[in-house]
Structure formats: structure tokens, C-alpha cells
Amino acid sequence: MPTKTKLAEWIAISLLGSAAISISVQAAENDKKDADSQKYEHIEVTGSHIVRESAYAPTPVTVVTGEELLGTGVTNIGEALNQLPALGSTYSLANSGGSSIGTAGLNILDLRNLGTSRTLVLVNGKRHVSSEAGTAAVDVNTIPSAWVDKVEIITGGASAIYGADAVTGVVNFILKKNITGLDFNASIGTADDSDFSKKRASFSYGTDIDNGRGNIAFSAEYSGQNNLSAMDRDQTSIAYASMANNTPGRIDDNNPNNPDKIYTANSGYYAIANDGRFNLNGWKKFNSDGSVSDVNLGSNVYNYYCTDCDSINLNQFNELQPEFKRYNFNFKGNYDITESDSVYFETKYVRSDATNNFQPAFFFFDPVNTVSIDNAFMDPALRKMMQDAGKTSLTINRFMTDTGLRVENDTRETQRYVLGMEGTIASEWNYDVYAVYGQTDLKRENENNLIYDNYINALDAVKDENGNIVCRSEAAQADGCVPINIFGEGAPSQAAIDYINVNLTGTSVIKQTVVGGNITNSGLYELPAGYVGFSTGVEYRKEESAIHEPDYPKETFFNSLGEDHGSFNVKEVYAELSIPLLADLPLIRQLDLDLAARYADYSSIGSATTWKTGLNWEISDELRMRGTYSKAIRAPNISELYGASSETYFGVDDSCKLDNLNNLANSSTRRKNCAALGIPGDFNSNYDAASIKGELSGNHELDPEKSTSYTLGAVFQPTAISGLSLSVDYWNIKIDDAISNIGAQDIINKCLDSENGINNQYCALITRDPNTHEITLIQSHSLNLAKLEASGVDFDLGYDMDLGKGTLSSSLIATKLIRNRSYDFQDDPTNYQDYAGTSGTPEWQANVDLRYTLDNWQAKWRTRYIDSVDLYTPQDLERNANPNSLMDYGSYFISDMSVGYQFDNGLGLKFGIDNVFDRDLPFGTIGTGTGSAMYDNVGRYYYTTVSFKL
């Protein structure tokens, strides 16, 4: 018996009792009409400005209805879209705050996991203002969910039709046009094993005016959730650390069964904690009364980690879900001024409030946190210990948790206005002219920001002549200095906390202005095989972005951010042509050629041309083939070009450390490059995994990206099986001179792994102390990599059938990722990292959906599958085959269900459970971060939805 593939086994299991997001697979195909029974009819098609005789999409498209998007317990559209196989979870609520400053609460789409800057988000085919300063990234939570008719995810050749930002594709939100009646929907839910809850409510009302010549509508929405900490759930509250494998007699044979490190529970740092730690004849800690006791190191110690000991659990600072609230108000209308011309307008205002909690200020082997032997708060016994050891000062490692976690409150306000006119000229020429203005304002409040000068003054506490504890500096006393006691958790007074901390507010503003128009004739000229379709248009767009930081005179613990200011404008002209080549021949029922081109003139980089060609080959009523080939250029965005230098801190391991080199199967290249940097062979960093100063910035020298992409697919609708539709599409994307910001650890490794030595673009970003050889600065600015490559296959399967007295609808959408590679060295284009099958880029993803409707009842079951992923790339494992006992995240299934009833009076009730079987996160992750936010970190979740339509 032949062996089933992994996907085939999973599909067989899933179809027995599971489902995924209900996707309208090839919805346009299902509406096809027999060409023999009609002369010509305008049928709107996805992925093109041209309407066609047949409703064939010229490019691969996945269509999701608005009802399907909010069919589970999600409260925002972005949550649902991120669960689709084609989209990565680069920015979701679970990881938005940890991605970068000022991004809390954003949900930004990342098609093909190739970067949010390469995914173009449109609303009714038009641009939308960005939500993140310096980028074109749109927060899709600003889209009014109550009005979403459908969402079209378009792959292949989209840049020539919609714009150069669509390197990997387009996500186009189509809103309902004429809205009549009242529509109310409210949902509330809570998690099974925590107090986490979400709420959503929407109200929409629309009516026709002037005997149906016009329509106006208004909608208001609210969604929100409370904070969920890692400590709130049993699964995510346990502290883990990678500890050295201390098996007696072990040698590093690079055997995967004998790892270098073991991922161990109840492990963490012992050298730093909330109570304060120091090394004086052994590691000591402060008790709550300021006295000193020994740190229990347990029996397993590695570097500054220990197991079952007095270690800190850093999960107390990890946030699984942020506190978030969103208010969305929309008003739209249209009016027929003549029989063939109408005006339309849209206005919106969206406010979102998100709060992220971060680690407090901390000091880890930092001389700033040094106390003198005469410190007034010091316990006499400790003073005696210092005297006996000949010490006059003591450096203390400490998390300043009792002075307040760092908090970021992001308030984001988005407004957008659209005014346009559309209609028909000379019966067959359709036109659309429009103007769009959008603006996003962000106010970022950072609380509990430690002021270094104030802290240094407050820490230097002495007794005055009256026995009062004061700050030593008289100038600091005159400035209101309050001495601080750091000897033990909870020791600082509130007055001291108020003195050393400050709340600072930064702002940013993003503006977008678009003016454009197009004309289309879908029956320009009749050929023997059908009508030639033609569309052309022009567009002017201006993007502006500015970040304003608080003008605070003192240095603080919070990163010093640069003030980005930049703008550009682009003038574009585009055209699209559909040519029917052959028809009604053996094996060629219809063969169409699609051509598109776009010329753009950027104020930043000059001219850029993108183009696309495609073929649609209808072989028979049942089978159709399609393919596209396109070239595109993407200009750097504002932050990539003009981003000002900003301070940050990176947690990295120095790959020149002797222990790290000894673990490699072949360390010759790294040893050679470390030696070339002047680093001795026995180097052991004192700051392994510590915070090292970093610098982020744009790059004025960037070149634009150049991409080549093609797709090849087939659509099969057998007449023998009514209701069945299957499409399979191969896609391939290559991006030369890809613009990227490389992570700090990757910068170190790429510097040392270059076969061409240390004279590369990555070593130039690292500064080391000439005496200690420790890394003192890592610069991470935008770079042109050699190229990115990605390819895969999309599968869409839909089947509807009568079952009993009801109807069963089922669908499968899956993506097989074949390749995801980054070629990082311009001077060595054969050197690459292969990310397919690693964290964040699984080789297989799939959603299966079953929906059964019986009279007024409807039941849904959905299952989402994520293939197992490796935590190391194949190139990593070539260097070291056994780095850790934790090598992968296992395969992942998660199922949701709901049951609802629609009353005849318009009232609807639905009860649902997300994560029905309370599926745990893959071992080793808490479900935050770019690579792991695709996993559910809430657990089983119950919700109830009430709706009313009139």
C-alpha cells in the first residue's frame, strides 16, 4: 500500500470532523455563464480593472466574505486574515508591541512572509493611509468590519495593475455599496483558564434617498480586550532556559541525540533579580528587610543561569495579549446625478488605544548601579562584609520592578476621506475619477522611564548632620532629589520612585494624498474569439511622515529615538489590455492574453516601470489553465531611506566566544574571521545574551528593489460532481537588491560566516572595544541584500452538497511552501539561508471548513493546521548539528466550532468555542514574536454573539 503524504493524511482526518475559515474558493468561477447563450455582458472580475464576458479571474485569487471573516470569536478583521495560509503573522495583536516602538495594537498583513512593505492593502481598489510612520503598512483593524462585503487576496502580476508596492500581492477590501436597513452585531467572550476577555459591537444603518437615486449609510464599531500576561496561564508561566549538557564524559560529537544544551524547566538568571544580586565571596541576594543571604544556585549552573534555584522568572514581564480598544466610525453615500453618472464619498474616523507592558529598567553588571560603603540604607552586616573583603563599593544587578514596569500607551487616530465620480461615456466607456486624503496621528506615551542623572543622585544616599537620609549632592538636594533604597524588593519609597521616573510623550503624523482616474472599455473591439478589453488610468500620490520625540534634557533608560521626517510623491500612468486570441477550437474553448504595464516617476528614486503578461486558457467547461509573468520595481519607503538614527539595545551572543566556537562542527571560517578581528582564541564574553547598545537607521544609499514573479495554475470544475471546485496555483517570486533590516544576532553571524573574510557589509556594522574585544555597538540600518526568493503552491478546494434536509458546505485552502531563501551577501550571491520549514515559515499550512445549514440553524466547524517547523536553518545545522534539545515546534492543529439560530424576526444568536480541544502552544513558545504569533496563546475561548437585522 503506498504511503500517504503528511498533507493527505491530515486532509483525511480533518474532513471527518474539522474545518477552517470558510473560503469562497474561486467564487468568481462559480458564477460563470455559458458563453454560447450570451452576446456580451459586463461581469466584474477580481484582479483587473477590466470587466469580462466570462467571470474568469486573470490572476490567482482567494476570496473571503465579510461574514466568514468574523465567523469565530475574533474581534478584529486582522486576527482572522492572519490565520490564512498565504499570510504571515508578522504584526498581530500578540506581537505588535514587541515588534518596534509605537506599533502596539497594529495588525499589518504580510503576504508570503516576505515583508509588510511588499503587501499592498487597498479599500475598494484605492490606497489607504498607512498606520506606521515611515511605511506604507495599513492597520487592517481600521477597516469597518460591518461593511466588508469580501476580501480579495490577489497573487501574481498585481504591481502593474495596482502599484509597485504589490510585489507579493494585494489584499483588497471590497465594501458593500448600497446599504439598506439596520444591522446590529455584538459579541462577548472569555477564556477558559484566565480572566482574558474580548468584546465587539457594531451598528450599521443605511437607506435609499430620492426614490432610489442615492444611498447613505452610517456605521459605528467597538472592539476591545483586556491584558493577558504569561503569568496568567499555567502553560506560559513556567520559566525555561537552555542549560549546558553536563552529561559526565560528554564530548561534542555533533550527534543530534547528544545536544550541546538542554532546554530546562524552572531555570533562569540567578545573577539578576527583582531583589538585587551581587557577587561578594559568592553570590548574594537582598531580603525584604535589606539583610543579605546566599543565593541558592541549585545543582545545575551554566553561565549566569541555574535550575530549581533562586532565579528570576522573566515571564513575569511577557505579555501574551495587550490591552486594546478600537472605535470605528464611518459614513458613506452615493447619488446618481444623471442616468449614467454618480458621485460617491466616504469618510471615516478610527481611534485605537493599545497598552503594552515591558521589562522595567534594569542594571546588569552596569557601573551606574554602584553603591558606596557609606550608603545610608545599607545593612550594617553587609558593610562589615565589604570591609572584611576590602571593598569600598558594590555593583548590584537588579530589575527595578518595584519602581514600575515600563508602559507604552499608543493612541492612534486615523481619518480618511474619499470623493469620486463614476459613470459611463458613450455607452461603453466606464470612468472613475477620485481623490483620497488620509491621515494617521499617533501619540505614544512612555511611562516609568528612569532618568539616569536623577537615579545616580538618588542612589548616592548618606546621612546629614541631623541623621536624616539625603542625597549626597547638595545641588541634587536643591533640585528635589529623594534618596532611593534598592536593598531588597519593595524597598524604594514612592517619593523616590516619583523622582527617578518620568513619563514622556512622542508623536507622529502620516499623511497621504491621492488623485487619480481611469477609463475602461471592456468591449473595445470584437475579434472572432471575443471582445478586446482595455483600461488605462493616471494617479498622483504624495506620502508624508514625521516622528516628533519629546525634547527632554536628561538621558533616560528608554531608547533615544530619532526624529524621522520624509516625504515623496509619485506620478503614475498605467494600462491594461485583454485580448481574446482563440475560441471554439478543439482543446481551446477560449484563450485570452492579458497585458498590463505601469510607469511611475518617483521624486525619491526617479522612474520605474512594471509590467505583466498572462494567459487564460479555457480547455473545456471543466478545466482551465492560467499563468502570469511580471516584472516590478519597489522604491524604498520613507523610513528605509530617511530613517533617523535611533538608540536601541540588543540581546545577543558573541559568536567569537570560545564555547560557541567549540560547539561547531566546522568552526574554521568563524575562527579565521574572529582572528582577523583581533579577537584572541580563548575569548569568553562577559556579556553573553546581555543587552548591547544598538543603532537603527535608514540608508540614503539604498537602491530600489527589482522583482520577477510568475504563476502557473489550473481550475477544475467537474460537471459530474456538482458543487465541486478545485484550483491549484504555483507561484514564484524573486526580489533582487531586496531592502531589509537585519537582526543584531544575524549581523554578528553573517559577519563571521563570510567565506570572503571580514571586509563585508555586516562586519562594518559592529564596533568592539579594542582592549576587551567586547561588542560595544551594533548598527542595524537598511541594506540591499543580494536577493530574496520564495515559491510555493496554493490549493483551493470547495464542495457544496445537499445532506439530509440541509446543505453541507466544505472548503479547504492550503499552501505548500517550497522555498524561502535570503541571499544576504552582495559580493557572494551563492551564499544563502533557507527559511522554508523554519519558525514562522512552515512548509504546509491549511484551513478546512465545514458548515451545515438546516432551515434557520447553522453549525460550523473549523480546523487550522500548521506543519512542524525547525528552529534552526539547514545552514545553521551544517555548522552545528546538535545545538539544543529544543530543535523544533511540533505540528499544530486547532479547531473552532459554533452553533447559531436565525429567528424570523431578524434576531440571531450564536454560541461558539475557539480552540475546542484547548490545544497547547508548541513546546518552547509562548505565542508571541514574529515566528510564533501564528499559534493561539489564549487557550480555549467561549463566546456568544447576538445580532439583529431589520
# chains A, B, ... in the order shown; residues from 1 in each chain; ligands from 1

$ select_by_dssp --residues "region 635-704 of chain A" --states "strand (DSSP E or B)" --output "list in words"
Ser646, Glu647, Thr648, Tyr649, Phe650, Gly651, Val652, Ala690, Ser691, Ile692, Lys693, Gly694, Glu695, Leu696 and Ser697 of chain A

$ write_last_selection --atoms "N, CA and C atoms" --output "PDB file, in the first residue's frame"
ATOM      1  N   SER A 646      18.302  55.951  15.669  1.00  0.00           N
ATOM      2  CA  SER A 646      17.604  55.742  16.932  1.00  0.00           C
ATOM      3  C   SER A 646      18.378  54.750  17.784  1.00  0.00           C
ATOM      4  N   GLU A 647      18.368  54.986  19.080  1.00  0.00           N
ATOM      5  CA  GLU A 647      19.063  54.104  20.005  1.00  0.00           C
ATOM      6  C   GLU A 647      18.185  52.911  20.374  1.00  0.00           C
ATOM      7  N   THR A 648      18.805  51.767  20.531  1.00  0.00           N
ATOM      8  CA  THR A 648      18.108  50.575  20.998  1.00  0.00           C
ATOM      9  C   THR A 648      19.097  49.691  21.728  1.00  0.00           C
ATOM     10  N   TYR A 649      18.637  48.543  22.202  1.00  0.00           N
ATOM     11  CA  TYR A 649      19.518  47.571  22.853  1.00  0.00           C
ATOM     12  C   TYR A 649      19.169  46.188  22.342  1.00  0.00           C
ATOM     13  N   PHE A 650      20.201  45.397  22.058  1.00  0.00           N
ATOM     14  CA  PHE A 650      20.015  44.059  21.513  1.00  0.00           C
ATOM     15  C   PHE A 650      20.491  43.017  22.527  1.00  0.00           C
ATOM     16  N   GLY A 651      19.758  41.913  22.593  1.00  0.00           N
ATOM     17  CA  GLY A 651      20.213  40.757  23.361  1.00  0.00           C
ATOM     18  C   GLY A 651      20.865  39.769  22.412  1.00  0.00           C
ATOM     19  N   VAL A 652      22.183  39.622  22.492  1.00  0.00           N
ATOM     20  CA  VAL A 652      22.907  38.794  21.524  1.00  0.00           C
ATOM     21  C   VAL A 652      23.935  37.923  22.236  1.00  0.00           C
ATOM     22  N   ALA A 690      23.512  39.444  26.936  1.00  0.00           N
ATOM     23  CA  ALA A 690      23.201  40.693  27.622  1.00  0.00           C
ATOM     24  C   ALA A 690      22.747  41.738  26.620  1.00  0.00           C
ATOM     25  N   SER A 691      22.304  42.887  27.135  1.00  0.00           N
ATOM     26  CA  SER A 691      21.842  43.956  26.259  1.00  0.00           C
ATOM     27  C   SER A 691      23.035  44.783  25.798  1.00  0.00           C
ATOM     28  N   ILE A 692      23.196  44.864  24.500  1.00  0.00           N
ATOM     29  CA  ILE A 692      24.283  45.621  23.889  1.00  0.00           C
ATOM     30  C   ILE A 692      23.677  46.782  23.118  1.00  0.00           C
ATOM     31  N   LYS A 693      24.301  47.931  23.221  1.00  0.00           N
ATOM     32  CA  LYS A 693      23.771  49.129  22.591  1.00  0.00           C
ATOM     33  C   LYS A 693      23.684  48.942  21.081  1.00  0.00           C
ATOM     34  N   GLY A 694      22.567  49.389  20.529  1.00  0.00           N
ATOM     35  CA  GLY A 694      22.368  49.302  19.096  1.00  0.00           C
ATOM     36  C   GLY A 694      21.910  50.622  18.520  1.00  0.00           C
ATOM     37  N   GLU A 695      21.987  50.703  17.207  1.00  0.00           N
ATOM     38  CA  GLU A 695      21.583  51.915  16.497  1.00  0.00           C
ATOM     39  C   GLU A 695      20.786  51.514  15.259  1.00  0.00           C
ATOM     40  N   LEU A 696      19.585  52.058  15.136  1.00  0.00           N
ATOM     41  CA  LEU A 696      18.716  51.790  13.997  1.00  0.00           C
ATOM     42  C   LEU A 696      18.642  53.033  13.120  1.00  0.00           C
ATOM     43  N   SER A 697      18.634  52.823  11.814  1.00  0.00           N
ATOM     44  CA  SER A 697      18.538  53.998  10.932  1.00  0.00           C
ATOM     45  C   SER A 697      18.188  53.557   9.531  1.00  0.00           C
TER      46      SER A 697
END

$ residues_around --residues "Lys734 (chain A)" --least-positions-apart "4" --cutoff "10 Å" --atoms "only C-alpha atoms" --output "PyMOL selection string"
chain A and resi 167-168+631+706-710+738+787-791+820-821

$ closest_residue --among "A:Ser932, A:Ser578, A:Ser545, A:Ser567" --to "Glu526 (chain A)" --atoms "only C-alpha atoms"
A:Ser578

$ residues_around --residues "Leu712 (chain A)" --least-positions-apart "4" --cutoff "12 Å" --atoms "only C-alpha atoms" --output "compact mmCIF listing (two decimals) with C-alpha atoms, in the first residue's frame"
# COMPACT_ATOMS: atom_id res chain seq x y z
CA PRO A 58 -6.92 36.57 -14.75
CA THR A 59 -4.71 36.01 -11.69
CA PRO A 60 -4.92 33.59 -8.74
CA THR A 155 -1.25 36.90 -6.24
CA GLY A 156 0.75 37.37 -9.43
CA GLY A 157 1.22 40.43 -11.59
CA GLY A 614 -0.72 36.47 -18.62
CA LEU A 615 -2.63 33.73 -20.41
CA ASN A 616 -6.06 32.31 -19.62
CA TRP A 617 -6.71 29.01 -21.41
CA ARG A 624 -8.95 25.98 -17.29
CA MET A 625 -5.24 26.83 -17.15
CA ARG A 626 -3.78 30.21 -16.26
CA GLY A 627 -0.36 31.77 -15.92
CA THR A 628 1.26 35.15 -15.36
CA TYR A 629 4.76 36.61 -15.65
CA SER A 727 -7.75 25.24 -8.12
CA VAL A 728 -4.01 24.70 -7.89
CA ASP A 729 -1.54 27.53 -8.47
CA TYR A 730 2.26 27.54 -8.39
CA TRP A 731 3.84 30.89 -7.54
CA ASN A 732 7.44 32.05 -7.66
CA SER A 791 7.96 29.81 -4.15
CA GLY A 792 5.09 27.53 -3.32
CA VAL A 793 1.79 26.02 -4.36
CA ASP A 794 -1.69 27.17 -3.30

$ residues_around --residues "Ser293 (chain A)" --least-positions-apart "5" --cutoff "10 Å" --atoms "only C-alpha atoms" --output "list in words"
Trp283, Lys284, Lys285, Phe286, Asn287 and Leu382 of chain A

$ write_last_selection --atoms "N, CA and C atoms" --output "tab-separated table (two decimals), in the first residue's frame"
chain	number	residue	atom	x	y	z
A	283	TRP	N	27.66	34.44	45.39
A	283	TRP	CA	26.52	35.26	45.01
A	283	TRP	C	25.56	35.44	46.17
A	284	LYS	N	25.17	36.72	46.37
A	284	LYS	CA	24.29	37.10	47.48
A	284	LYS	C	23.04	37.79	46.93
A	285	LYS	N	22.00	37.80	47.77
A	285	LYS	CA	20.75	38.48	47.43
A	285	LYS	C	20.28	39.27	48.63
A	286	PHE	N	19.40	40.23	48.40
A	286	PHE	CA	18.84	41.03	49.48
A	286	PHE	C	17.48	40.48	49.89
A	287	ASN	N	17.29	40.37	51.18
A	287	ASN	CA	15.98	40.01	51.71
A	287	ASN	C	15.11	41.26	51.79
A	382	LEU	N	26.19	43.94	55.92
A	382	LEU	CA	26.77	43.99	54.58
A	382	LEU	C	27.98	44.91	54.58

$ closest_residue --among "A:Asn255, A:Pro322, A:Val350, A:Val63" --to "Ala220 (chain A)" --atoms "only C-alpha atoms"
A:Val350

$ closest_residue --among "A:Leu320, A:Val538, A:Ile456, A:Ile742" --to "Ser194 (chain A)" --atoms "only C-alpha atoms"
A:Leu320

$ residues_around --residues "region 407-409 of chain A" --least-positions-apart "3" --cutoff "9 Å" --atoms "only C-alpha atoms" --output "tab-separated table (two decimals) with C-alpha atoms, in the first residue's frame"
chain	number	residue	atom	x	y	z
A	97	GLY	CA	4.11	45.84	20.75
A	101	ILE	CA	8.39	51.32	19.19
A	102	GLY	CA	4.96	52.82	18.55
A	104	ALA	CA	1.25	48.43	19.86
A	353	ASP	CA	-5.83	52.63	22.25
A	354	ALA	CA	-3.27	49.93	23.00
A	355	THR	CA	-1.13	49.37	26.05
A	356	ASN	CA	1.97	47.22	26.23
A	357	ASN	CA	3.93	46.45	29.38
A	358	PHE	CA	7.66	45.83	29.13
A	359	GLN	CA	10.56	44.92	31.37
A	360	PRO	CA	11.36	47.68	33.86
A	404	GLY	CA	7.29	50.36	37.86
A	443	LYS	CA	0.52	59.76	20.46
A	444	ARG	CA	2.96	57.45	22.22
A	445	GLU	CA	3.19	57.79	25.99
A	446	ASN	CA	6.06	56.00	27.72
A	447	GLU	CA	5.58	55.65	31.47
A	448	ASN	CA	8.13	54.90	34.20
A	449	ASN	CA	11.12	55.99	32.18

$ residues_around --residues "Lys463 (chain A)" --least-positions-apart "5" --cutoff "9 Å" --atoms "only C-alpha atoms" --output "list in words"
Asn375, Ala376, Asn468, Ile469, Val470, Cys471 and Arg472 of chain A

$ residues_around --residues "Asp183 (chain A)" --least-positions-apart "3" --cutoff "7 Å" --atoms "only C-alpha atoms" --output "list in words"
Phe203, Ser204, Tyr205, Phe948, Lys949 and Leu950 of chain A

$ write_last_selection --atoms "N, CA and C atoms" --output "compact mmCIF listing (two decimals), in the first residue's frame"
# COMPACT_ATOMS: atom_id res chain seq x y z
N PHE A 203 -22.77 48.62 14.76
CA PHE A 203 -24.09 49.12 14.39
C PHE A 203 -23.98 49.74 13.01
N SER A 204 -24.89 49.39 12.14
CA SER A 204 -24.89 49.93 10.78
C SER A 204 -26.32 50.24 10.38
N TYR A 205 -26.50 51.39 9.74
CA TYR A 205 -27.82 51.74 9.22
C TYR A 205 -27.63 52.46 7.89
N PHE A 948 -28.95 41.44 15.05
CA PHE A 948 -30.32 41.83 14.69
C PHE A 948 -30.27 42.57 13.37
N LYS A 949 -31.10 42.15 12.42
CA LYS A 949 -31.18 42.79 11.12
C LYS A 949 -32.62 43.18 10.84
N LEU A 950 -32.77 44.36 10.32
CA LEU A 950 -34.13 44.87 10.03
C LEU A 950 -34.09 45.63 8.72

$ atom_distance --atom1 "CA of Leu797 (chain A)" --atom2 "CA of Ile153 (chain A)"
15.8 Å

$ atom_distance --atom1 "CA of Ser885 (chain A)" --atom2 "CA of Pro259 (chain A)"
5.6 Å

$ select_by_dssp --residues "region 66-142 of chain A" --states "alpha helix (DSSP H)" --output "ChimeraX atom specification"
/A:66-69,77-81,96-99

$ atom_distance --atom1 "CA of Ala583 (chain A)" --atom2 "CA of Gly798 (chain A)"
27.9 Å

$ closest_residue --among "A:Ala186, A:Ile733, A:Asp870, A:Ile425" --to "Gly73 (chain A)" --atoms "only C-alpha atoms"
A:Ala186

$ closest_residue --among "A:Phe362, A:Phe558, A:Trp857, A:Tyr889" --to "Gln902 (chain A)" --atoms "only C-alpha atoms"
A:Trp857

$ decode --residues "region 220-351 of chain A" --atoms "C-alpha atoms" --output "compact mmCIF listing (two decimals), in the first residue's frame"
# COMPACT_ATOMS: atom_id res chain seq x y z
CA ALA A 220 -20.11 52.55 14.39
CA GLU A 221 -17.97 49.79 15.84
CA TYR A 222 -16.23 48.99 19.09
CA SER A 223 -13.87 46.18 19.92
CA GLY A 224 -11.68 45.64 22.92
CA GLN A 225 -9.80 43.20 25.08
CA ASN A 226 -8.00 43.24 28.38
CA ASN A 227 -4.38 42.39 29.06
CA LEU A 228 -3.23 38.76 29.22
CA SER A 229 0.11 38.11 30.91
CA ALA A 230 2.21 34.99 30.50
CA MET A 231 1.89 34.50 34.27
CA ASP A 232 -1.91 34.28 33.91
CA ARG A 233 -1.70 30.86 32.24
CA ASP A 234 -0.12 27.73 33.68
CA GLN A 235 1.41 26.74 30.35
CA THR A 236 3.19 30.02 29.76
CA SER A 237 4.16 30.86 33.35
CA ILE A 238 6.97 28.29 33.65
CA ALA A 239 10.48 29.66 33.17
CA TYR A 240 12.82 27.82 30.79
CA ALA A 241 16.45 28.30 29.86
CA SER A 242 18.90 26.45 27.64
CA MET A 243 21.36 24.88 30.06
CA ALA A 244 24.68 23.24 29.20
CA ASN A 245 24.59 19.48 28.72
CA ASN A 246 26.67 18.32 31.67
CA THR A 247 26.47 14.60 30.98
CA PRO A 248 29.61 13.04 32.54
CA GLY A 249 32.25 12.31 29.95
CA ARG A 250 30.34 14.11 27.20
CA ILE A 251 32.25 15.29 24.15
CA ASP A 252 30.82 17.39 21.37
CA ASP A 253 30.35 14.81 18.64
CA ASN A 254 27.58 16.83 16.92
CA ASN A 255 25.21 13.94 17.49
CA PRO A 256 21.61 15.23 17.50
CA ASN A 257 20.88 12.79 20.33
CA ASN A 258 23.58 14.41 22.45
CA PRO A 259 22.78 18.17 22.32
CA ASP A 260 25.07 20.95 23.45
CA LYS A 261 22.32 22.50 25.56
CA ILE A 262 19.17 21.18 27.17
CA TYR A 263 16.02 23.28 27.30
CA THR A 264 15.24 23.03 31.00
CA ALA A 265 12.19 24.00 33.07
CA ASN A 266 12.39 26.13 36.23
CA SER A 267 15.58 27.76 35.01
CA GLY A 268 16.64 31.37 34.74
CA TYR A 269 19.13 34.07 35.70
CA TYR A 270 20.48 33.95 39.24
CA ALA A 271 22.82 36.91 38.79
CA ILE A 272 19.99 39.44 38.44
CA ALA A 273 16.54 39.62 40.03
CA ASN A 274 13.96 42.00 41.47
CA ASP A 275 15.59 41.86 44.92
CA GLY A 276 19.12 42.75 43.78
CA ARG A 277 22.10 40.41 43.34
CA PHE A 278 25.85 40.85 43.79
CA ASN A 279 28.97 38.72 43.98
CA LEU A 280 30.91 39.06 47.22
CA ASN A 281 32.60 35.82 48.25
CA GLY A 282 29.83 34.06 46.39
CA TRP A 283 26.52 35.26 45.01
CA LYS A 284 24.29 37.10 47.48
CA LYS A 285 20.75 38.48 47.43
CA PHE A 286 18.84 41.03 49.48
CA ASN A 287 15.98 40.01 51.71
CA SER A 288 12.92 42.21 52.07
CA ASP A 289 14.35 43.86 55.23
CA GLY A 290 17.61 44.76 53.49
CA SER A 291 19.64 41.97 55.03
CA VAL A 292 21.76 39.67 52.91
CA SER A 293 21.61 35.93 52.31
CA ASP A 294 23.26 33.47 49.92
CA VAL A 295 21.74 32.78 46.54
CA ASN A 296 20.66 29.14 46.21
CA LEU A 297 22.26 28.04 42.94
CA GLY A 298 20.80 24.54 42.95
CA SER A 299 22.75 21.68 41.38
CA ASN A 300 22.69 22.82 37.73
CA VAL A 301 24.56 26.04 36.90
CA TYR A 302 25.52 27.39 33.49
CA ASN A 303 26.95 30.87 32.95
CA TYR A 304 24.53 33.07 34.92
CA TYR A 305 21.67 30.55 34.77
CA CYS A 306 20.61 27.89 37.24
CA THR A 307 17.82 25.32 37.64
CA ASP A 308 15.50 24.86 40.65
CA CYS A 309 17.24 27.72 42.37
CA ASP A 310 16.90 31.39 43.28
CA SER A 311 16.40 32.55 39.70
CA ILE A 312 14.13 35.16 38.19
CA ASN A 313 11.19 34.18 36.02
CA LEU A 314 11.30 36.63 33.12
CA ASN A 315 7.82 35.55 32.03
CA GLN A 316 6.51 38.00 34.61
CA PHE A 317 7.39 40.66 32.03
CA ASN A 318 5.98 38.84 28.97
CA GLU A 319 2.60 39.87 27.63
CA LEU A 320 0.59 37.38 25.57
CA GLN A 321 -2.09 39.87 24.56
CA PRO A 322 -2.13 43.65 25.07
CA GLU A 323 -4.93 45.76 26.42
CA PHE A 324 -6.63 47.12 23.32
CA LYS A 325 -9.66 49.22 22.39
CA ARG A 326 -10.85 50.35 18.97
CA TYR A 327 -13.59 52.79 17.96
CA ASN A 328 -14.54 52.98 14.29
CA PHE A 329 -17.00 55.46 12.75
CA ASN A 330 -17.86 55.51 9.03
CA PHE A 331 -20.20 57.48 6.80
CA LYS A 332 -20.66 56.90 3.08
CA GLY A 333 -23.02 57.69 0.29
CA ASN A 334 -23.59 57.80 -3.44
CA TYR A 335 -26.00 59.70 -5.65
CA ASP A 336 -26.91 59.40 -9.34
CA ILE A 337 -26.66 62.90 -10.78
CA THR A 338 -27.67 61.58 -14.21
CA GLU A 339 -28.79 58.21 -15.55
CA SER A 340 -25.18 57.26 -16.26
CA ASP A 341 -23.13 59.30 -13.75
CA SER A 342 -22.97 59.19 -9.98
CA VAL A 343 -20.91 60.76 -7.23
CA TYR A 344 -19.74 58.92 -4.14
CA PHE A 345 -17.99 59.77 -0.92
CA GLU A 346 -16.61 58.02 2.13
CA THR A 347 -15.45 59.38 5.48
CA LYS A 348 -14.05 57.54 8.46
CA TYR A 349 -12.61 58.16 11.88
CA VAL A 350 -10.90 55.41 13.83
CA ARG A 351 -9.33 55.60 17.25
